[in-house]
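J.: Structure file data22.pdb (PDB, C-alpha atoms and all ligand atoms) is given on the next line.
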MODEL        1
ATOM      1  CA  MET A   1     249.319 158.507 189.510  1.00  0.00           C
ATOM      2  CA  LYS A   2     246.695 156.473 187.755  1.00  0.00           C
ATOM      3  CA  PHE A   3     244.045 158.991 188.724  1.00  0.00           C
ATOM      4  CA  THR A   4     246.091 161.883 187.316  1.00  0.00           C
ATOM      5  CA  LYS A   5     246.451 160.057 184.036  1.00  0.00           C
ATOM      6  CA  LEU A   6     242.732 159.452 183.819  1.00  0.00           C
ATOM      7  CA  LEU A   7     242.026 163.101 184.450  1.00  0.00           C
ATOM      8  CA  THR A   8     244.353 164.036 181.625  1.00  0.00           C
ATOM      9  CA  VAL A   9     242.323 161.851 179.292  1.00  0.00           C
ATOM     10  CA  PHE A  10     239.208 163.499 180.631  1.00  0.00           C
ATOM     11  CA  CYS A  11     240.555 166.999 180.016  1.00  0.00           C
ATOM     12  CA  ILE A  12     241.483 166.155 176.441  1.00  0.00           C
ATOM     13  CA  GLY A  13     237.837 165.209 175.995  1.00  0.00           C
ATOM     14  CA  LEU A  14     236.799 168.676 177.019  1.00  0.00           C
ATOM     15  CA  GLY A  15     239.468 170.614 175.194  1.00  0.00           C
ATOM     16  CA  GLY A  16     238.985 173.282 172.612  1.00  0.00           C
ATOM     17  CA  ALA A  17     235.328 174.010 173.133  1.00  0.00           C
ATOM     18  CA  ALA A  18     235.407 177.721 173.819  1.00  0.00           C
ATOM     19  CA  LEU A  19     232.816 179.635 171.827  1.00  0.00           C
ATOM     20  CA  ALA A  20     233.005 177.390 168.789  1.00  0.00           C
ATOM     21  CA  HIS A  21     229.321 178.070 168.100  1.00  0.00           C
ATOM     22  CA  GLY A  22     229.665 181.714 167.101  1.00  0.00           C
ATOM     23  CA  GLY A  23     228.536 182.269 163.519  1.00  0.00           C
ATOM     24  CA  VAL A  24     227.278 178.745 162.803  1.00  0.00           C
ATOM     25  CA  LYS A  25     224.581 178.988 160.135  1.00  0.00           C
ATOM     26  CA  ASN A  26     223.661 175.381 159.508  1.00  0.00           C
ATOM     27  CA  GLU A  27     220.918 174.351 161.946  1.00  0.00           C
ATOM     28  CA  ALA A  28     221.808 170.675 161.979  1.00  0.00           C
ATOM     29  CA  VAL A  29     225.401 171.565 162.822  1.00  0.00           C
ATOM     30  CA  MET A  30     224.199 173.957 165.518  1.00  0.00           C
ATOM     31  CA  ALA A  31     222.007 171.229 167.032  1.00  0.00           C
ATOM     32  CA  ARG A  32     224.849 168.746 167.315  1.00  0.00           C
ATOM     33  CA  MET A  33     227.203 171.374 168.722  1.00  0.00           C
ATOM     34  CA  ASN A  34     224.571 172.244 171.317  1.00  0.00           C
ATOM     35  CA  LEU A  35     224.301 168.586 172.243  1.00  0.00           C
ATOM     36  CA  MET A  36     228.075 168.412 172.694  1.00  0.00           C
ATOM     37  CA  THR A  37     227.943 171.514 174.877  1.00  0.00           C
ATOM     38  CA  GLU A  38     225.342 169.866 177.104  1.00  0.00           C
ATOM     39  CA  ILE A  39     227.595 166.824 177.229  1.00  0.00           C
ATOM     40  CA  LYS A  40     230.519 169.004 178.226  1.00  0.00           C
ATOM     41  CA  GLU A  41     228.489 170.591 181.013  1.00  0.00           C
ATOM     42  CA  ALA A  42     227.359 167.263 182.454  1.00  0.00           C
ATOM     43  CA  MET A  43     230.909 165.976 182.214  1.00  0.00           C
ATOM     44  CA  ALA A  44     232.180 169.081 184.036  1.00  0.00           C
ATOM     45  CA  VAL A  45     229.821 168.366 186.945  1.00  0.00           C
ATOM     46  CA  LEU A  46     231.407 164.920 187.306  1.00  0.00           C
ATOM     47  CA  GLY A  47     234.946 166.121 186.631  1.00  0.00           C
ATOM     48  CA  GLU A  48     234.800 168.830 189.272  1.00  0.00           C
ATOM     49  CA  MET A  49     233.537 166.378 191.855  1.00  0.00           C
ATOM     50  CA  ALA A  50     236.214 163.865 190.920  1.00  0.00           C
ATOM     51  CA  LYS A  51     238.894 166.523 191.297  1.00  0.00           C
ATOM     52  CA  GLY A  52     237.468 167.642 194.637  1.00  0.00           C
ATOM     53  CA  LYS A  53     236.646 171.127 193.329  1.00  0.00           C
ATOM     54  CA  THR A  54     233.019 170.660 194.291  1.00  0.00           C
ATOM     55  CA  PRO A  55     231.686 168.452 197.103  1.00  0.00           C
ATOM     56  CA  PHE A  56     230.648 164.978 196.052  1.00  0.00           C
ATOM     57  CA  ASP A  57     226.885 164.635 195.690  1.00  0.00           C
ATOM     58  CA  ALA A  58     225.693 161.178 194.664  1.00  0.00           C
ATOM     59  CA  GLN A  59     222.338 162.398 193.418  1.00  0.00           C
ATOM     60  CA  GLN A  60     223.821 165.133 191.273  1.00  0.00           C
ATOM     61  CA  ALA A  61     226.447 162.750 189.935  1.00  0.00           C
ATOM     62  CA  ASN A  62     223.771 160.251 189.082  1.00  0.00           C
ATOM     63  CA  ARG A  63     221.762 162.887 187.237  1.00  0.00           C
ATOM     64  CA  ALA A  64     224.821 163.962 185.261  1.00  0.00           C
ATOM     65  CA  SER A  65     225.685 160.408 184.224  1.00  0.00           C
ATOM     66  CA  ALA A  66     222.067 159.721 183.238  1.00  0.00           C
ATOM     67  CA  ALA A  67     222.092 162.921 181.161  1.00  0.00           C
ATOM     68  CA  LEU A  68     225.310 161.800 179.466  1.00  0.00           C
ATOM     69  CA  ALA A  69     223.795 158.437 178.586  1.00  0.00           C
ATOM     70  CA  SER A  70     220.723 160.064 177.083  1.00  0.00           C
ATOM     71  CA  HIS A  71     222.803 162.634 175.179  1.00  0.00           C
ATOM     72  CA  ALA A  72     224.944 159.846 173.741  1.00  0.00           C
ATOM     73  CA  ALA A  73     221.810 158.052 172.599  1.00  0.00           C
ATOM     74  CA  LYS A  74     220.769 161.165 170.645  1.00  0.00           C
ATOM     75  CA  MET A  75     224.082 161.473 168.840  1.00  0.00           C
ATOM     76  CA  PRO A  76     223.385 159.178 165.863  1.00  0.00           C
ATOM     77  CA  ALA A  77     220.136 160.990 164.977  1.00  0.00           C
ATOM     78  CA  LEU A  78     221.779 164.402 165.192  1.00  0.00           C
ATOM     79  CA  PHE A  79     224.800 163.416 163.128  1.00  0.00           C
ATOM     80  CA  GLU A  80     223.146 161.201 160.556  1.00  0.00           C
ATOM     81  CA  THR A  81     222.709 163.939 157.944  1.00  0.00           C
ATOM     82  CA  PRO A  82     226.133 164.882 156.593  1.00  0.00           C
ATOM     83  CA  ALA A  83     225.609 168.579 157.309  1.00  0.00           C
ATOM     84  CA  SER A  84     228.562 170.906 157.274  1.00  0.00           C
ATOM     85  CA  ASP A  85     229.395 174.443 158.199  1.00  0.00           C
ATOM     86  CA  PRO A  86     232.625 176.417 158.019  1.00  0.00           C
ATOM     87  CA  LYS A  87     232.639 176.418 161.839  1.00  0.00           C
ATOM     88  CA  SER A  88     232.053 172.702 162.192  1.00  0.00           C
ATOM     89  CA  GLU A  89     234.757 170.525 163.668  1.00  0.00           C
ATOM     90  CA  ALA A  90     233.241 167.335 162.313  1.00  0.00           C
ATOM     91  CA  ARG A  91     235.398 165.263 159.981  1.00  0.00           C
ATOM     92  CA  PRO A  92     233.752 163.896 156.811  1.00  0.00           C
ATOM     93  CA  ASP A  93     235.015 160.445 157.878  1.00  0.00           C
ATOM     94  CA  ILE A  94     231.932 160.294 160.146  1.00  0.00           C
ATOM     95  CA  TRP A  95     229.785 159.572 157.109  1.00  0.00           C
ATOM     96  CA  LEU A  96     232.356 157.362 155.395  1.00  0.00           C
ATOM     97  CA  ASP A  97     232.458 155.082 158.403  1.00  0.00           C
ATOM     98  CA  TRP A  98     229.028 155.686 159.881  1.00  0.00           C
ATOM     99  CA  PRO A  99     228.635 152.322 161.725  1.00  0.00           C
ATOM    100  CA  ASP A 100     231.895 152.967 163.563  1.00  0.00           C
ATOM    101  CA  PHE A 101     230.763 156.449 164.577  1.00  0.00           C
ATOM    102  CA  VAL A 102     227.494 155.011 165.894  1.00  0.00           C
ATOM    103  CA  ALA A 103     229.464 152.346 167.782  1.00  0.00           C
ATOM    104  CA  LYS A 104     231.565 155.037 169.433  1.00  0.00           C
ATOM    105  CA  ALA A 105     228.447 156.927 170.498  1.00  0.00           C
ATOM    106  CA  SER A 106     227.143 153.665 171.914  1.00  0.00           C
ATOM    107  CA  ASP A 107     230.429 153.102 173.777  1.00  0.00           C
ATOM    108  CA  MET A 108     229.946 156.474 175.428  1.00  0.00           C
ATOM    109  CA  GLU A 109     226.369 155.608 176.330  1.00  0.00           C
ATOM    110  CA  LYS A 110     227.567 152.366 177.938  1.00  0.00           C
ATOM    111  CA  ALA A 111     230.358 154.134 179.806  1.00  0.00           C
ATOM    112  CA  ALA A 112     227.872 156.694 181.156  1.00  0.00           C
ATOM    113  CA  THR A 113     225.333 154.040 182.112  1.00  0.00           C
ATOM    114  CA  GLY A 114     228.047 151.952 183.727  1.00  0.00           C
ATOM    115  CA  LEU A 115     229.515 154.800 185.757  1.00  0.00           C
ATOM    116  CA  ASP A 116     229.159 154.071 189.448  1.00  0.00           C
ATOM    117  CA  THR A 117     228.191 157.321 191.152  1.00  0.00           C
ATOM    118  CA  GLN A 118     227.533 155.868 194.623  1.00  0.00           C
ATOM    119  CA  SER A 119     230.705 157.254 196.139  1.00  0.00           C
ATOM    120  CA  LEU A 120     233.533 159.618 195.311  1.00  0.00           C
ATOM    121  CA  ASP A 121     236.020 156.743 195.075  1.00  0.00           C
ATOM    122  CA  ARG A 122     233.855 154.897 192.594  1.00  0.00           C
ATOM    123  CA  LEU A 123     233.275 158.029 190.547  1.00  0.00           C
ATOM    124  CA  ARG A 124     237.032 158.583 190.422  1.00  0.00           C
ATOM    125  CA  ALA A 125     237.601 154.984 189.426  1.00  0.00           C
ATOM    126  CA  GLY A 126     235.118 155.158 186.568  1.00  0.00           C
ATOM    127  CA  ILE A 127     235.412 158.641 185.106  1.00  0.00           C
ATOM    128  CA  GLY A 128     238.531 157.836 183.099  1.00  0.00           C
ATOM    129  CA  ALA A 129     236.674 155.298 180.996  1.00  0.00           C
ATOM    130  CA  LEU A 130     233.949 157.830 180.329  1.00  0.00           C
ATOM    131  CA  GLY A 131     236.465 160.523 179.348  1.00  0.00           C
ATOM    132  CA  GLY A 132     238.191 157.931 177.192  1.00  0.00           C
ATOM    133  CA  SER A 133     234.974 157.418 175.250  1.00  0.00           C
ATOM    134  CA  CYS A 134     234.995 161.130 174.317  1.00  0.00           C
ATOM    135  CA  SER A 135     238.610 161.050 173.152  1.00  0.00           C
ATOM    136  CA  ALA A 136     238.140 157.778 171.273  1.00  0.00           C
ATOM    137  CA  CYS A 137     235.611 159.480 169.027  1.00  0.00           C
ATOM    138  CA  HIS A 138     237.173 162.958 168.909  1.00  0.00           C
ATOM    139  CA  LYS A 139     240.581 161.745 167.842  1.00  0.00           C
ATOM    140  CA  ILE A 140     239.116 160.209 164.688  1.00  0.00           C
ATOM    141  CA  TYR A 141     236.030 162.256 163.927  1.00  0.00           C
ATOM    142  CA  ARG A 142     236.653 165.735 165.264  1.00  0.00           C
ATOM    143  CA  ILE A 143     239.041 168.328 163.921  1.00  0.00           C
ATOM    144  CA  GLU A 144     240.869 169.945 166.809  1.00  0.00           C
ATOM    145  CA  LYS A 145     240.964 173.626 165.960  1.00  0.00           C
TER     146      LYS A 145
HETATM  147  C1  LIG B 201     230.686 159.357 168.660  1.00  0.00           C
HETATM  148  C2  LIG B 201     231.554 160.496 168.622  1.00  0.00           C
HETATM  149  C3  LIG B 201     231.685 161.445 169.769  1.00  0.00           C
HETATM  150  C4  LIG B 201     231.656 161.174 171.119  1.00  0.00           C
HETATM  151  C5  LIG B 201     231.484 159.841 171.826  1.00  0.00           C
HETATM  152  C6  LIG B 201     231.836 162.446 171.787  1.00  0.00           C
HETATM  153  N1  LIG B 201     231.959 163.458 170.874  1.00  0.00           N
HETATM  154 FE1  LIG B 201     232.190 165.430 171.295  1.00  0.00          FE
HETATM  155  N2  LIG B 201     232.218 165.858 169.292  1.00  0.00           N
HETATM  156  C7  LIG B 201     232.129 164.936 168.275  1.00  0.00           C
HETATM  157  C8  LIG B 201     232.169 165.625 167.002  1.00  0.00           C
HETATM  158  C9  LIG B 201     232.107 164.971 165.631  1.00  0.00           C
HETATM  159  C10 LIG B 201     232.273 166.995 167.269  1.00  0.00           C
HETATM  160  C11 LIG B 201     232.294 168.159 166.261  1.00  0.00           C
HETATM  161  C12 LIG B 201     230.868 168.569 165.892  1.00  0.00           C
HETATM  162  C13 LIG B 201     230.825 169.725 164.921  1.00  0.00           C
HETATM  163  O1  LIG B 201     231.571 170.703 165.092  1.00  0.00           O
HETATM  164  O2  LIG B 201     230.027 169.672 163.974  1.00  0.00           O
HETATM  165  C14 LIG B 201     232.307 167.111 168.735  1.00  0.00           C
HETATM  166  C15 LIG B 201     232.398 168.312 169.419  1.00  0.00           C
HETATM  167  C16 LIG B 201     232.486 168.430 170.793  1.00  0.00           C
HETATM  168  C17 LIG B 201     232.590 169.685 171.496  1.00  0.00           C
HETATM  169  C18 LIG B 201     232.649 171.063 170.854  1.00  0.00           C
HETATM  170  C19 LIG B 201     231.248 171.569 170.643  1.00  0.00           C
HETATM  171  C20 LIG B 201     231.249 172.904 169.951  1.00  0.00           C
HETATM  172  O3  LIG B 201     230.830 173.867 170.556  1.00  0.00           O
HETATM  173  O4  LIG B 201     231.687 172.992 168.804  1.00  0.00           O
HETATM  174  C21 LIG B 201     232.668 169.387 172.838  1.00  0.00           C
HETATM  175  C22 LIG B 201     232.790 170.365 173.989  1.00  0.00           C
HETATM  176  C23 LIG B 201     232.575 167.955 172.960  1.00  0.00           C
HETATM  177  N3  LIG B 201     232.464 167.397 171.714  1.00  0.00           N
HETATM  178  C24 LIG B 201     232.623 167.276 174.175  1.00  0.00           C
HETATM  179  C25 LIG B 201     232.476 165.898 174.304  1.00  0.00           C
HETATM  180  C26 LIG B 201     232.602 165.177 175.567  1.00  0.00           C
HETATM  181  C27 LIG B 201     232.908 165.807 176.912  1.00  0.00           C
HETATM  182  C28 LIG B 201     232.371 163.865 175.272  1.00  0.00           C
HETATM  183  C29 LIG B 201     232.365 162.668 176.214  1.00  0.00           C
HETATM  184  C30 LIG B 201     231.611 162.716 177.442  1.00  0.00           C
HETATM  185  C31 LIG B 201     232.143 163.763 173.831  1.00  0.00           C
HETATM  186  N4  LIG B 201     232.213 165.018 173.283  1.00  0.00           N
HETATM  187  C32 LIG B 201     231.885 162.581 173.177  1.00  0.00           C
HETATM  188  C33 LIG B 201     232.024 163.567 168.420  1.00  0.00           C
HETATM  189  C34 LIG B 201     231.886 162.888 169.628  1.00  0.00           C
ENDMDL
END
What's the structure tokens form of this structure?

T.:
Amino acid sequence: MKFTKLLTVFCIGLGGAALAHGGVKNEAVMARMNLMTEIKEAMAVLGEMAKGKTPFDAQQANRASAALASHAAKMPALFETPASDPKSEARPDIWLDWPDFVAKASDMEKAATGLDTQSLDRLRAGIGALGGSCSACHKIYRIEK
């Protein structure tokens, strides 16, 4: 029950990503979308293991969580310039409340660093918090198209 709920949170984090990059002209916007896509891919590796769709592999899980932590650390630099593009899903509130945005990126970094990837049970126990860090930022700073 609890696990199902956590996976729902996780899926909301991933939602609405399909081909959003097509036609983006602003390079800064493209760069941050590409970062988010890499984040999505690393998160999918963990999510599929947690759901039992792929066999659990501690090393691979560890690599994915390390990648997520390093991607989160890059977020402030990639978002700092208030670049926009008709295709962007970024809300202008990011730059009105910049310290909060940075804090949410840091929360994700901590969640990724803190994820215990030693066993499938531990991965399952921790992935909800990581998915929650995506939604916590998206629900305020990303327009769901
Ligand atoms: C600190 C805020 C923040 C955090 C944390 C965050 N995101 Fe995002 N994400 C955004 C913003 C803002 C956008 C919209 C960027 C744009 O379109 O310019 C976005 C866009 C995306 C996109 C769409 C990319 C595209 O192609 O347009 C995906 C997928 C995504 N995020 C996945 C994730 C996942 C998975 C996590 C958690 C592991 C996560 N994000 C954590 C702020 C965040």

J.: Let me know the centre plus edge lengths, in Å and rounded to one decimal, of a box with edges along x, y and z that contains all listed atoms of ligand LIG 201 (chain B) and is padded by 3 Å on every side, as JSON.

T.:
{"center_x": 231.5, "center_y": 166.6, "center_z": 170.7, "size_x": 8.9, "size_y": 20.5, "size_z": 19.5}

J.: Find the spatial neighbours of Val45 in chain A, counting all atoms listed in the file, within a cut-off of 12 Å - ignore same-chain residues fewer than 6 positions away - and output them as a ChimeraX atom specification.

T.: /A:38-39,51-65,67-68,117,123,127

J.: Any residue with an atom at most 6 Å from ligand LIG 201 (chain B) counts, using all atoms listed in the file. Which are they? Put them as a PDB file with C-alpha atoms, in the frame of the given file.

T.:
ATOM      1  CA  GLY A  13     237.837 165.209 175.995  1.00  0.00           C
ATOM      2  CA  LEU A  14     236.799 168.676 177.019  1.00  0.00           C
ATOM      3  CA  ALA A  17     235.328 174.010 173.133  1.00  0.00           C
ATOM      4  CA  ALA A  20     233.005 177.390 168.789  1.00  0.00           C
ATOM      5  CA  HIS A  21     229.321 178.070 168.100  1.00  0.00           C
ATOM      6  CA  VAL A  29     225.401 171.565 162.822  1.00  0.00           C
ATOM      7  CA  MET A  33     227.203 171.374 168.722  1.00  0.00           C
ATOM      8  CA  MET A  36     228.075 168.412 172.694  1.00  0.00           C
ATOM      9  CA  THR A  37     227.943 171.514 174.877  1.00  0.00           C
ATOM     10  CA  ILE A  39     227.595 166.824 177.229  1.00  0.00           C
ATOM     11  CA  LYS A  40     230.519 169.004 178.226  1.00  0.00           C
ATOM     12  CA  MET A  43     230.909 165.976 182.214  1.00  0.00           C
ATOM     13  CA  SER A  88     232.053 172.702 162.192  1.00  0.00           C
ATOM     14  CA  GLU A  89     234.757 170.525 163.668  1.00  0.00           C
ATOM     15  CA  ALA A  90     233.241 167.335 162.313  1.00  0.00           C
ATOM     16  CA  PHE A 101     230.763 156.449 164.577  1.00  0.00           C
ATOM     17  CA  LYS A 104     231.565 155.037 169.433  1.00  0.00           C
ATOM     18  CA  ALA A 105     228.447 156.927 170.498  1.00  0.00           C
ATOM     19  CA  MET A 108     229.946 156.474 175.428  1.00  0.00           C
ATOM     20  CA  GLY A 131     236.465 160.523 179.348  1.00  0.00           C
ATOM     21  CA  SER A 133     234.974 157.418 175.250  1.00  0.00           C
ATOM     22  CA  CYS A 134     234.995 161.130 174.317  1.00  0.00           C
ATOM     23  CA  CYS A 137     235.611 159.480 169.027  1.00  0.00           C
ATOM     24  CA  HIS A 138     237.173 162.958 168.909  1.00  0.00           C
ATOM     25  CA  TYR A 141     236.030 162.256 163.927  1.00  0.00           C
ATOM     26  CA  ARG A 142     236.653 165.735 165.264  1.00  0.00           C
TER      27      ARG A 142
END

J.: Measure the distance from CA of Pro86 in chain A to CA of Trp98 in chain A in Å and round it to one decimal.

T.: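 Computing it gives 21.1 Å between the two atoms.
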
J.: What's around Arg32 in chain A at 9 Å? Count only C-alpha atoms, leave out sequence neighbours fewer than 4 positions away in its own chain, and write the answer as an MDAnalysis selection string.

T.: chainID A and resid 27:28 36:37 75 78:79

J.: So how many Å separate CA of Ala112 in chain A and CA of Gly132 in chain A, to one decimal?

T.: 11.1 Å

J.: What gap, in Å, lies between CA of Ala73 in chain A and CA of Ser106 in chain A?

T.: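 Computing the Euclidean distance for CA of Ala73 in chain A and CA of Ser106 in chain A yields 6.9 Å.
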
J.: Please determine, counting only C-alpha atoms, which residue among A:Ala42, A:Gly47, A:Pro92, A:Asp107 has the shortest atom-to-atom distance to Ala136 in chain A.

T.: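 Once distances to Ala136 in chain A are computed over only C-alpha atoms, the minimum belongs to A:Asp107.
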
J.: On this structure, the PyMOL selection byres (((chain A and resi 126) around 9) and not hetatm) would catch which residues? List them as a list in words, sorted by chain and number.

T.: Ala111, Gly114, Leu115, Asp116, Thr117, Asp121, Arg122, Leu123, Arg124, Ala125, Ile127, Gly128, Ala129 and Leu130 of chain A
